[in-house]
Amino acid sequence: MTLPERTLDSNETLTVIRGRHSVRRFSGREVPAETLEAVLDAANRAPSAHNRQAWRFLVVRGAKKEELAGLASSRASHFPRPASVLLRLAARSISSAPVVIAVANTGDLIRHGRSQFGRDDGSTVDFFRTMEIQSSAAAVENLLLAATSLGLATVWLGILYLVKDDVRRILGEPQGEFVAVVPVGLPEAETSGPAKRPLAAVIRYLE
Ligand SMILES: Cc1cc2nc3c(=O)[nH]c(=O)nc-3n(C[C@H](O)[C@H](O)[C@H](O)COP(=O)(O)O)c2cc1C
């Protein structure tokens with residue numbers, strides 16, 4: 001199959017993928033509701049193991065957002081560097097962004113898998129938990145790319161996993177575990193992302 005040349009030169013998806021980079025300080029300007037909904041819809045269209053879509057997107061604003069930022073900064077001193085530094089940075093990102101999307105697993109795939117496999121042992125749970133995390137991670141990446149395509153900035157904050165039970169309590173999620181906390185907004189200043197390793201360093205071709 002021959003691909004038309006313009007596909008590579010002017011492909012919008014590839015341009016968005018190349019343009020995405022983490023932004024950690026936001027201007028605070030609001031994100032229009034329909035833009036945010038388009039971003040959430042993109043996240044919800046991600047592939048998922050057994051198509052269970054075992055994710056929840058928590059849209060966090062106002063006092064709840066400050067509670068999340070407060071958790072990250074107050075718990076920072078409980079951890080050694082660099083975790084403490086990352087938690088403080090995360091708190092600032094959460095505070096400065098107009099809105100934060102937290103992505104949480106529901107545990108539904110784990111329950112479904114256990115009953116489908118008829119097994120409740122550790123390796124079955126570990127398998128389906130991993131599939132659930134991978135599915136939600138795909139949703140997070142969809143979210144980041146959709147936001148980028150709409151001119152929004154994001155950062156995937158994994159460091160809050162260190163205090164995941166408190167995050168879950170603040171978000172009011174009864175079960176499961178969360179995968180990411182993603183502040184979304186306009187960047188405080190124009191920035192660019194770090195260089196990536198050359199393809200030759202990460203690819204191996206086998207026949
Ligand atoms: C699973 C995961 C967890 C991450 N956690 C954090 C975090 O806690 N704090 C942070 O500032 N960035 C975090 N990042 C963002 C990375 O630091 C960032 O993606 C990486 O440095 C590459 O930069 P880029 O996103 O601009 O390409 C995380 C990214 C991923 C995929």
# chains A, B, ... in the order shown; residues from 1 in each chain; ligands from 1
$ residues_near_ligand --ligand "ligand 1" --cutoff "12 Å" --atoms "only C-alpha atoms and all ligand atoms" --output "JSON, numbers by chain"
{"A": [17, 18, 19, 20, 21, 22, 23, 24, 25, 72, 82, 83, 84, 85, 86, 87, 88, 89, 90, 91, 92, 93, 94, 103, 133, 134, 136, 137, 138, 139, 140, 141, 144, 145, 148, 153, 154, 155, 156, 157, 158, 159, 160, 161, 162, 163, 178, 179, 180, 181, 182, 183, 191, 192, 193, 194, 195, 196, 197]}
$ closest_residue --among "A:Asp126, A:Thr15, A:Leu186, A:Asn105" --to "Ser48 of chain A" --atoms "only C-alpha atoms"
A:Asn105
$ closest_residue --among "A:Asn142, A:Gln175, A:Ser135, A:Ser95" --to "Ala43 of chain A" --atoms "only C-alpha atoms"
A:Asn142
$ closest_residue --among "A:Arg129, A:Arg204, A:Arg168, A:Arg81" --to "Arg114 of chain A" --atoms "only C-alpha atoms"
A:Arg129
$ atom_distance --atom1 "atom CA of Arg45 of chain A" --atom2 "atom CA of Leu143 of chain A"
9.6 Å
$ select_by_dssp --residues "segment 3-189 of chain A" --states "strand (DSSP E or B)" --output "PyMOL selection string"
chain A and resi 22+26+55-60+99-105+153-154+157+178-185+187
$ decode --residues "segment 106-132 of chain A" --atoms "N, CA, C and O atoms" --output "PDB file, in the first residue's frame"
ATOM      1  N   THR A 106     -12.291   2.063  38.342  1.00  0.00           N
ATOM      2  CA  THR A 106     -13.431   1.680  39.183  1.00  0.00           C
ATOM      3  C   THR A 106     -13.256   0.312  39.827  1.00  0.00           C
ATOM      4  O   THR A 106     -13.971  -0.026  40.766  1.00  0.00           O
ATOM      5  N   GLY A 107     -12.349  -0.501  39.282  1.00  0.00           N
ATOM      6  CA  GLY A 107     -12.213  -1.874  39.765  1.00  0.00           C
ATOM      7  C   GLY A 107     -13.180  -2.814  39.064  1.00  0.00           C
ATOM      8  O   GLY A 107     -13.169  -4.026  39.288  1.00  0.00           O
ATOM      9  N   ASP A 108     -13.999  -2.286  38.152  1.00  0.00           N
ATOM     10  CA  ASP A 108     -15.008  -3.112  37.471  1.00  0.00           C
ATOM     11  C   ASP A 108     -14.366  -4.209  36.611  1.00  0.00           C
ATOM     12  O   ASP A 108     -14.858  -5.332  36.556  1.00  0.00           O
ATOM     13  N   LEU A 109     -13.267  -3.870  35.944  1.00  0.00           N
ATOM     14  CA  LEU A 109     -12.606  -4.886  35.107  1.00  0.00           C
ATOM     15  C   LEU A 109     -12.046  -6.013  35.978  1.00  0.00           C
ATOM     16  O   LEU A 109     -12.120  -7.186  35.607  1.00  0.00           O
ATOM     17  N   ILE A 110     -11.530  -5.647  37.151  1.00  0.00           N
ATOM     18  CA  ILE A 110     -10.985  -6.668  38.054  1.00  0.00           C
ATOM     19  C   ILE A 110     -12.104  -7.612  38.499  1.00  0.00           C
ATOM     20  O   ILE A 110     -11.962  -8.845  38.450  1.00  0.00           O
ATOM     21  N   ARG A 111     -13.235  -7.028  38.879  1.00  0.00           N
ATOM     22  CA  ARG A 111     -14.378  -7.869  39.315  1.00  0.00           C
ATOM     23  C   ARG A 111     -14.860  -8.750  38.168  1.00  0.00           C
ATOM     24  O   ARG A 111     -15.073  -9.948  38.325  1.00  0.00           O
ATOM     25  N   HIS A 112     -15.004  -8.135  36.989  1.00  0.00           N
ATOM     26  CA  HIS A 112     -15.479  -8.860  35.807  1.00  0.00           C
ATOM     27  C   HIS A 112     -14.508 -10.006  35.475  1.00  0.00           C
ATOM     28  O   HIS A 112     -14.924 -11.140  35.225  1.00  0.00           O
ATOM     29  N   GLY A 113     -13.212  -9.701  35.474  1.00  0.00           N
ATOM     30  CA  GLY A 113     -12.198 -10.697  35.121  1.00  0.00           C
ATOM     31  C   GLY A 113     -12.184 -11.865  36.088  1.00  0.00           C
ATOM     32  O   GLY A 113     -12.071 -13.020  35.675  1.00  0.00           O
ATOM     33  N   ARG A 114     -12.320 -11.548  37.383  1.00  0.00           N
ATOM     34  CA  ARG A 114     -12.300 -12.617  38.382  1.00  0.00           C
ATOM     35  C   ARG A 114     -13.461 -13.570  38.160  1.00  0.00           C
ATOM     36  O   ARG A 114     -13.313 -14.785  38.228  1.00  0.00           O
ATOM     37  N   SER A 115     -14.639 -13.006  37.862  1.00  0.00           N
ATOM     38  CA  SER A 115     -15.783 -13.902  37.683  1.00  0.00           C
ATOM     39  C   SER A 115     -15.680 -14.611  36.334  1.00  0.00           C
ATOM     40  O   SER A 115     -16.033 -15.779  36.215  1.00  0.00           O
ATOM     41  N   GLN A 116     -15.153 -13.928  35.305  1.00  0.00           N
ATOM     42  CA  GLN A 116     -15.049 -14.589  34.003  1.00  0.00           C
ATOM     43  C   GLN A 116     -14.035 -15.733  34.034  1.00  0.00           C
ATOM     44  O   GLN A 116     -14.248 -16.787  33.460  1.00  0.00           O
ATOM     45  N   PHE A 117     -12.919 -15.507  34.717  1.00  0.00           N
ATOM     46  CA  PHE A 117     -11.881 -16.538  34.823  1.00  0.00           C
ATOM     47  C   PHE A 117     -12.241 -17.564  35.899  1.00  0.00           C
ATOM     48  O   PHE A 117     -11.611 -18.608  35.999  1.00  0.00           O
ATOM     49  N   GLY A 118     -13.225 -17.212  36.733  1.00  0.00           N
ATOM     50  CA  GLY A 118     -13.605 -18.104  37.835  1.00  0.00           C
ATOM     51  C   GLY A 118     -12.473 -18.286  38.823  1.00  0.00           C
ATOM     52  O   GLY A 118     -12.360 -19.333  39.467  1.00  0.00           O
ATOM     53  N   ARG A 119     -11.613 -17.261  38.929  1.00  0.00           N
ATOM     54  CA  ARG A 119     -10.457 -17.375  39.836  1.00  0.00           C
ATOM     55  C   ARG A 119     -10.293 -16.079  40.604  1.00  0.00           C
ATOM     56  O   ARG A 119     -10.573 -15.005  40.095  1.00  0.00           O
ATOM     57  N   ASP A 120      -9.802 -16.242  41.831  1.00  0.00           N
ATOM     58  CA  ASP A 120      -9.691 -15.083  42.712  1.00  0.00           C
ATOM     59  C   ASP A 120      -8.267 -14.942  43.251  1.00  0.00           C
ATOM     60  O   ASP A 120      -8.038 -14.238  44.214  1.00  0.00           O
ATOM     61  N   ASP A 121      -7.322 -15.643  42.606  1.00  0.00           N
ATOM     62  CA  ASP A 121      -5.967 -15.652  43.150  1.00  0.00           C
ATOM     63  C   ASP A 121      -5.218 -14.365  42.795  1.00  0.00           C
ATOM     64  O   ASP A 121      -5.656 -13.572  41.962  1.00  0.00           O
ATOM     65  N   GLY A 122      -4.073 -14.201  43.410  1.00  0.00           N
ATOM     66  CA  GLY A 122      -3.299 -12.968  43.244  1.00  0.00           C
ATOM     67  C   GLY A 122      -2.932 -12.670  41.813  1.00  0.00           C
ATOM     68  O   GLY A 122      -2.998 -11.519  41.371  1.00  0.00           O
ATOM     69  N   SER A 123      -2.553 -13.705  41.045  1.00  0.00           N
ATOM     70  CA  SER A 123      -2.084 -13.407  39.678  1.00  0.00           C
ATOM     71  C   SER A 123      -3.246 -12.980  38.775  1.00  0.00           C
ATOM     72  O   SER A 123      -3.068 -12.160  37.873  1.00  0.00           O
ATOM     73  N   THR A 124      -4.455 -13.510  39.024  1.00  0.00           N
ATOM     74  CA  THR A 124      -5.623 -13.077  38.237  1.00  0.00           C
ATOM     75  C   THR A 124      -5.936 -11.613  38.546  1.00  0.00           C
ATOM     76  O   THR A 124      -6.153 -10.807  37.639  1.00  0.00           O
ATOM     77  N   VAL A 125      -5.928 -11.291  39.829  1.00  0.00           N
ATOM     78  CA  VAL A 125      -6.207  -9.897  40.230  1.00  0.00           C
ATOM     79  C   VAL A 125      -5.133  -8.977  39.651  1.00  0.00           C
ATOM     80  O   VAL A 125      -5.432  -7.917  39.091  1.00  0.00           O
ATOM     81  N   ASP A 126      -3.872  -9.411  39.755  1.00  0.00           N
ATOM     82  CA  ASP A 126      -2.766  -8.592  39.250  1.00  0.00           C
ATOM     83  C   ASP A 126      -2.916  -8.366  37.741  1.00  0.00           C
ATOM     84  O   ASP A 126      -2.716  -7.255  37.245  1.00  0.00           O
ATOM     85  N   PHE A 127      -3.306  -9.423  37.014  1.00  0.00           N
ATOM     86  CA  PHE A 127      -3.479  -9.308  35.557  1.00  0.00           C
ATOM     87  C   PHE A 127      -4.555  -8.266  35.231  1.00  0.00           C
ATOM     88  O   PHE A 127      -4.331  -7.342  34.452  1.00  0.00           O
ATOM     89  N   PHE A 128      -5.723  -8.405  35.864  1.00  0.00           N
ATOM     90  CA  PHE A 128      -6.818  -7.492  35.507  1.00  0.00           C
ATOM     91  C   PHE A 128      -6.588  -6.076  36.056  1.00  0.00           C
ATOM     92  O   PHE A 128      -7.017  -5.104  35.437  1.00  0.00           O
ATOM     93  N   ARG A 129      -5.871  -5.984  37.175  1.00  0.00           N
ATOM     94  CA  ARG A 129      -5.544  -4.639  37.680  1.00  0.00           C
ATOM     95  C   ARG A 129      -4.612  -3.948  36.681  1.00  0.00           C
ATOM     96  O   ARG A 129      -4.790  -2.763  36.367  1.00  0.00           O
ATOM     97  N   THR A 130      -3.654  -4.701  36.170  1.00  0.00           N
ATOM     98  CA  THR A 130      -2.729  -4.125  35.186  1.00  0.00           C
ATOM     99  C   THR A 130      -3.484  -3.713  33.921  1.00  0.00           C
ATOM    100  O   THR A 130      -3.248  -2.627  33.370  1.00  0.00           O
ATOM    101  N   MET A 131      -4.408  -4.574  33.461  1.00  0.00           N
ATOM    102  CA  MET A 131      -5.197  -4.235  32.265  1.00  0.00           C
ATOM    103  C   MET A 131      -6.044  -2.984  32.510  1.00  0.00           C
ATOM    104  O   MET A 131      -6.238  -2.159  31.623  1.00  0.00           O
ATOM    105  N   GLU A 132      -6.537  -2.869  33.745  1.00  0.00           N
ATOM    106  CA  GLU A 132      -7.364  -1.701  34.077  1.00  0.00           C
ATOM    107  C   GLU A 132      -6.517  -0.426  34.072  1.00  0.00           C
ATOM    108  O   GLU A 132      -6.918   0.604  33.525  1.00  0.00           O
TER     109      GLU A 132
END
